[in-house]
Amino acid sequence: MVKRKRKNKRKSTKVEVNFHVPAFLAIILIPTLIIGVMWIMAGVRCNALGRKIYVLEKQREEYVKQRENEQNRWANLTAPASFQKILKDHGLEMSRPDENNIVRVSNSGDTRVAFNDSKKWAFYE
Amino acid sequence: MSKRRGTKKIIFVAILVSLAFAGVFARLLFLHLKFSDPFQETLQESRKVTLKLEPRRGRIMDRQGNIFALDVRLYHVILDPLRILDASKVNELSNLLAPLLDLNANEIEQEILRRAPNRSGNRYYRLKKYVSDETVSKLREALKATELSGLPRNSVYFEEAFKRLYPKDSLMSHVVGYSNDNGFGCAGVELTWNNLLTGTAGEMNTEVDGRNCEIYSRREVIKDPVNGADVYLTLDQELQFITETALYESYVKSKAKGAFAIIQRVRTGEILAMASFPNYDLNNYGKATTAQLRNRALYDIYEPGSTMKSVSIASAINHGVVVPEEIIDCEAGVWYYAGRSLEEYRRHNYGELSVGDILKKSSNIGTAKIVIRMGDRKLDEYLRAFNFASRLNCGLEGEATGLLNPYSKWKPIDITRICIGHSISVTALQMVNAMSCIANEGRLMRPTVVHKVVKPDGTVAHQFRPEIIGRPIRPDVARTMWRLMSRVTEPGGTGTTAKVPGYKIAGKSGTATKHFERVGYILGKNMASFAGFLPADNPEISIIVVVDEPVGVRTGGALSGPIFKKIAEQTMKYLGIPPMEFNEDTQSHLL
């Protein structure tokens, strides 16, 4: 029995595409893509670091400001006039001790040694 | 046939897509690699911003590191009157701001209403300058907490600004000086050391996006700002306070026109305290009068009177025209020379006095008779060797030179007047430096107010080194003068009021009638001064006190002596200088 050939065979709708990306194009596109991605990532990273630097700078400024304010306050508090005022407010009267109430100690027995070695002048030197 | 047609279509589409991508890619290349583009430059320029990075002005500190001047970041409170008016919040906002800023609510309201209708005009109203951090925090909280939420953004905002603050207010005001709102020094150390205090501004290029926010990755610092150097003074806060307190008390009590005092360390020439009254609050320098702004210790010249006798007699002894043991006839109070009479103060009729007693009793005639032996030229040479009539360059601008005619222009009687402190004008600094010279065994030091200047990186831009600028008298003569001058504060001397128990004080009082241009000398208008050093047998510090035109007690011994005593007593305690064993009997060998 001879197999009957089907004449009206339905044509396949599938289309085979044999599209080959030229090698030279691939050589350009892939590294470009990689560089592009790296470029964007670096940009994002830079921006993030920049933001961090900005925040840290602001923070540093804030600390500097606080330090200066504190220095100003402290300098004001340690002014002799402020001390006097505080003492007066608390009803206290303070004065440097009389010579009779001071015991001076020196190595050689010469009182001048105590003076010459005194902390005050040592700082002055 | 159909297969070929389909393939062609796909290839066509692929080429189109590739071309589109290639176009985008090319555009990106153009944009990123900055090939010429007509809009590129305009675009770049509109995004570029050059910022000036402000340096901080250096601090001024005393020798112990106590801060006297520093820059602090504060805020200006800014209002946009138009926005406030549009939101109908003028009254509420004024009432909210007034108590916190210590202002009048009505005045704020009126000012907003006055400025707001001028829509095309300035929408920037600086309500208050230099507001502290705490106040700004309070304001922010208050604005948030109240019902002013309907207020548009930026109706009230705060601008940062550097403000020069002086935490010690008026203490050491004439030495520290002040700088104006532009950060330029206008007086004192602020002016003299302005270049080092100012620092150098930095510069930064950056770009901003469409919302005016900085693109950090485009930031490029061209030059870092260099903050100003810190200036350390030779002055000491405590000694300054001691001096100012003692001086102010007498200044008020004596109703004087002015008063000034200096403490100097004799071995190095360092100024430890320099006070002048009337003074002013450095934080409100704009309200100070010209008289308050003047540092009298440096700018005022005056006839020193008898304090000059110690210099004259030291010169005479050094020149060998007199010995301390010599007896001089003081002519019973009146002496005629070159056709003019010279009288003793209050016509004291001194007879024969030793050189020591001439100084102790402050005899005009005795001093004049000694100095005449030297001659005009030699006296002139000695006075100039003590650096009178020339600047000492102590590190502060505006120092006066003083007045002393060249000896060739002197009249015959001038020598008898100059040696007792008339016909010559000096500054207090010159006089205290001359005292220090005697105290320092004849070595004349350059006085200084600046100990060191330190840059922010720690390098020292200026370091004080003691500098000898002359040796007008020999050491043995200087030591003789210690003995002679210490007798002035002993019983019978003119400076007993300056005596500090337990210490030997060498000093000399001076009372000079003031000379006015076209009027001449006016009796009753005096310069009362006292200058000296201590301890007299091993001097450490010298002090001068001058009171200008006191009312009531007007002599140097009676008025300036007690101030000297107060300052000296406290200073000795503060510096820890012990008193010497003082035996009255051992003083008998003194002439």
# chains A, B, ... in the order shown; residues from 1 in each chain; ligands from 1
>>> interface_residues(of="chain B", to="chain A", cutoff="7 Å", atoms="only C-alpha atoms", output="ChimeraX atom specification")
/B:7,66-67,72-73,167-168,216-217,238,241,573,575-578
>>> write_last_selection(atoms="all heavy atoms", output="compact mmCIF listing (two decimals), in the first residue's frame")
# COMPACT_ATOMS: atom_id res chain seq x y z
N THR B 7 13.14 37.27 7.55
CA THR B 7 14.50 37.51 8.05
C THR B 7 14.90 38.97 7.80
O THR B 7 15.48 39.64 8.66
CB THR B 7 15.50 36.56 7.36
OG1 THR B 7 14.99 35.28 7.42
CG2 THR B 7 16.86 36.66 8.01
N ASN B 66 44.13 81.17 79.74
CA ASN B 66 42.74 81.64 79.91
C ASN B 66 42.33 82.44 78.67
O ASN B 66 43.04 83.36 78.27
CB ASN B 66 42.63 82.54 81.15
CG ASN B 66 42.88 81.77 82.42
OD1 ASN B 66 42.22 80.78 82.72
ND2 ASN B 66 43.88 82.21 83.17
N ILE B 67 41.19 82.06 78.12
CA ILE B 67 40.78 82.67 76.85
C ILE B 67 40.18 84.06 77.08
O ILE B 67 39.28 84.23 77.90
CB ILE B 67 39.77 81.76 76.12
CG1 ILE B 67 40.43 80.42 75.80
CG2 ILE B 67 39.27 82.41 74.84
CD1 ILE B 67 39.49 79.37 75.28
N VAL B 72 32.96 82.57 67.92
CA VAL B 72 31.89 81.62 68.21
C VAL B 72 30.85 81.74 67.11
O VAL B 72 30.57 82.84 66.62
CB VAL B 72 31.26 81.91 69.60
CG1 VAL B 72 30.03 81.06 69.83
CG2 VAL B 72 32.26 81.64 70.70
N ARG B 73 30.31 80.57 66.70
CA ARG B 73 29.29 80.61 65.65
C ARG B 73 27.93 80.89 66.28
O ARG B 73 27.47 80.15 67.13
CB ARG B 73 29.27 79.26 64.94
CG ARG B 73 28.54 79.32 63.61
CD ARG B 73 28.74 78.06 62.85
NE ARG B 73 30.04 78.06 62.23
CZ ARG B 73 30.27 77.59 61.01
NH1 ARG B 73 29.28 77.08 60.31
NH2 ARG B 73 31.46 77.60 60.50
N PRO B 167 35.01 86.75 76.55
CA PRO B 167 34.35 86.22 77.76
C PRO B 167 34.69 86.93 79.05
O PRO B 167 33.97 86.80 80.03
CB PRO B 167 34.82 84.76 77.80
CG PRO B 167 35.96 84.67 76.87
CD PRO B 167 35.86 85.76 75.89
N LYS B 168 35.78 87.69 79.08
CA LYS B 168 36.13 88.37 80.33
C LYS B 168 35.61 89.81 80.35
O LYS B 168 36.05 90.61 81.18
CB LYS B 168 37.65 88.39 80.52
CG LYS B 168 38.35 87.06 80.29
CD LYS B 168 38.15 86.07 81.39
CE LYS B 168 38.94 84.81 81.07
NZ LYS B 168 38.70 83.73 82.00
N TYR B 216 27.97 66.01 45.89
CA TYR B 216 29.20 65.84 46.66
C TYR B 216 30.36 65.36 45.81
O TYR B 216 31.50 65.72 46.03
CB TYR B 216 28.98 64.88 47.82
CG TYR B 216 27.70 65.12 48.55
CD1 TYR B 216 26.64 64.23 48.47
CD2 TYR B 216 27.54 66.28 49.31
CE1 TYR B 216 25.47 64.47 49.12
CE2 TYR B 216 26.35 66.52 49.97
CZ TYR B 216 25.31 65.61 49.87
OH TYR B 216 24.15 65.84 50.51
N SER B 217 30.01 64.48 44.80
CA SER B 217 31.09 63.88 44.01
C SER B 217 31.80 64.92 43.13
O SER B 217 32.86 64.66 42.60
CB SER B 217 30.54 62.75 43.15
OG SER B 217 29.44 63.22 42.42
N GLU B 238 45.02 86.85 86.76
CA GLU B 238 44.87 87.15 88.19
C GLU B 238 45.54 88.48 88.54
O GLU B 238 44.97 89.30 89.26
CB GLU B 238 45.49 86.03 89.04
CG GLU B 238 44.70 84.73 89.02
CD GLU B 238 43.30 84.86 89.62
OE1 GLU B 238 43.14 85.66 90.57
OE2 GLU B 238 42.38 84.18 89.14
N PHE B 241 43.56 91.30 87.28
CA PHE B 241 42.38 91.55 88.12
C PHE B 241 42.77 92.28 89.40
O PHE B 241 42.08 93.22 89.82
CB PHE B 241 41.68 90.22 88.44
CG PHE B 241 40.42 90.38 89.23
CD1 PHE B 241 39.30 90.96 88.66
CD2 PHE B 241 40.35 89.96 90.54
CE1 PHE B 241 38.13 91.12 89.38
CE2 PHE B 241 39.18 90.12 91.28
CZ PHE B 241 38.08 90.69 90.70
N LYS B 573 51.77 87.67 97.09
CA LYS B 573 51.08 86.46 97.56
C LYS B 573 50.76 85.55 96.39
O LYS B 573 50.94 84.34 96.47
CB LYS B 573 49.79 86.84 98.30
CG LYS B 573 50.04 87.36 99.70
CD LYS B 573 48.73 87.70 100.37
CE LYS B 573 48.96 88.22 101.78
NZ LYS B 573 47.72 88.68 102.42
N LEU B 575 52.23 85.35 93.48
CA LEU B 575 53.42 84.75 92.87
C LEU B 575 54.19 83.86 93.85
O LEU B 575 55.14 83.20 93.47
CB LEU B 575 54.35 85.85 92.34
CG LEU B 575 53.82 86.66 91.15
CD1 LEU B 575 54.77 87.79 90.81
CD2 LEU B 575 53.61 85.77 89.94
N GLY B 576 53.78 83.89 95.09
CA GLY B 576 54.43 83.04 96.09
C GLY B 576 55.82 83.53 96.45
O GLY B 576 56.70 82.73 96.78
N ILE B 577 56.03 84.82 96.36
CA ILE B 577 57.34 85.37 96.72
C ILE B 577 57.34 85.65 98.22
O ILE B 577 56.57 86.48 98.70
CB ILE B 577 57.63 86.67 95.91
CG1 ILE B 577 57.65 86.34 94.41
CG2 ILE B 577 58.96 87.28 96.34
CD1 ILE B 577 57.79 87.54 93.51
N PRO B 578 58.20 84.95 98.95
CA PRO B 578 58.15 85.10 100.42
C PRO B 578 58.77 86.41 100.87
O PRO B 578 59.65 86.95 100.20
CB PRO B 578 58.97 83.92 100.91
CG PRO B 578 59.93 83.64 99.81
CD PRO B 578 59.26 84.03 98.53
>>> residues_around(residues="B:Ala428", least_positions_apart="5", cutoff="8 Å", atoms="only C-alpha atoms", output="ChimeraX atom specification")
/B:260-262,297-298,300-301,544,546
>>> atom_distance(atom1="atom CA of B:Ile242", atom2="atom CA of B:Ile567")
6.2 Å
>>> atom_distance(atom1="atom CA of B:Arg63", atom2="atom CA of B:Gly402")
29.0 Å
>>> select_by_dssp(residues="stretch 182-393 of chain B", states="strand (DSSP E or B)", output="ChimeraX atom specification")
/B:185,200,202-208,214-223,226,230-233,258-265,270-277,302,327-329,334-337,340-343,352-354
>>> residues_around(residues="stretch 321-334 of chain B", least_positions_apart="2", cutoff="7 Å", atoms="only C-alpha atoms", output="list of chain:residue names")
B:Ala316, B:Ile317, B:His319, B:Tyr336, B:Ser341, B:Leu342, B:Glu343, B:Glu344, B:Arg347, B:His348, B:Asn349, B:Tyr350, B:Gly351, B:Glu352, B:Leu353, B:Ser354, B:Val355, B:Gly356, B:Ile365, B:Gly366, B:Ile370, B:Arg373, B:Met374, B:Leu591
>>> residues_around(residues="stretch 553-560 of chain B", least_positions_apart="6", cutoff="9 Å", atoms="only C-alpha atoms", output="VMD selection string")
chain B and resid 247 250 254 494 to 498 508 to 512 524 to 531 544 to 547
>>> atom_distance(atom1="atom CA of B:Leu103", atom2="atom CA of A:Lys85")
27.5 Å
>>> residues_around(residues="B:Ile469", least_positions_apart="2", cutoff="9 Å", atoms="only C-alpha atoms", output="list in words")
Asn387, Arg443, Leu444, Met445, Arg446, Glu467 and Arg471 of chain B
>>> residues_around(residues="B:Lys255", least_positions_apart="4", cutoff="9 Å", atoms="only C-alpha atoms", output="list in words")
Ser250, Tyr251, Glu549, Pro550, Val551 and Gly552 of chain B
>>> closest_residue(among="B:Ala246, B:Leu404, B:Ile522, B:Ile84", to="B:Gly421", atoms="only C-alpha atoms")
B:Leu404
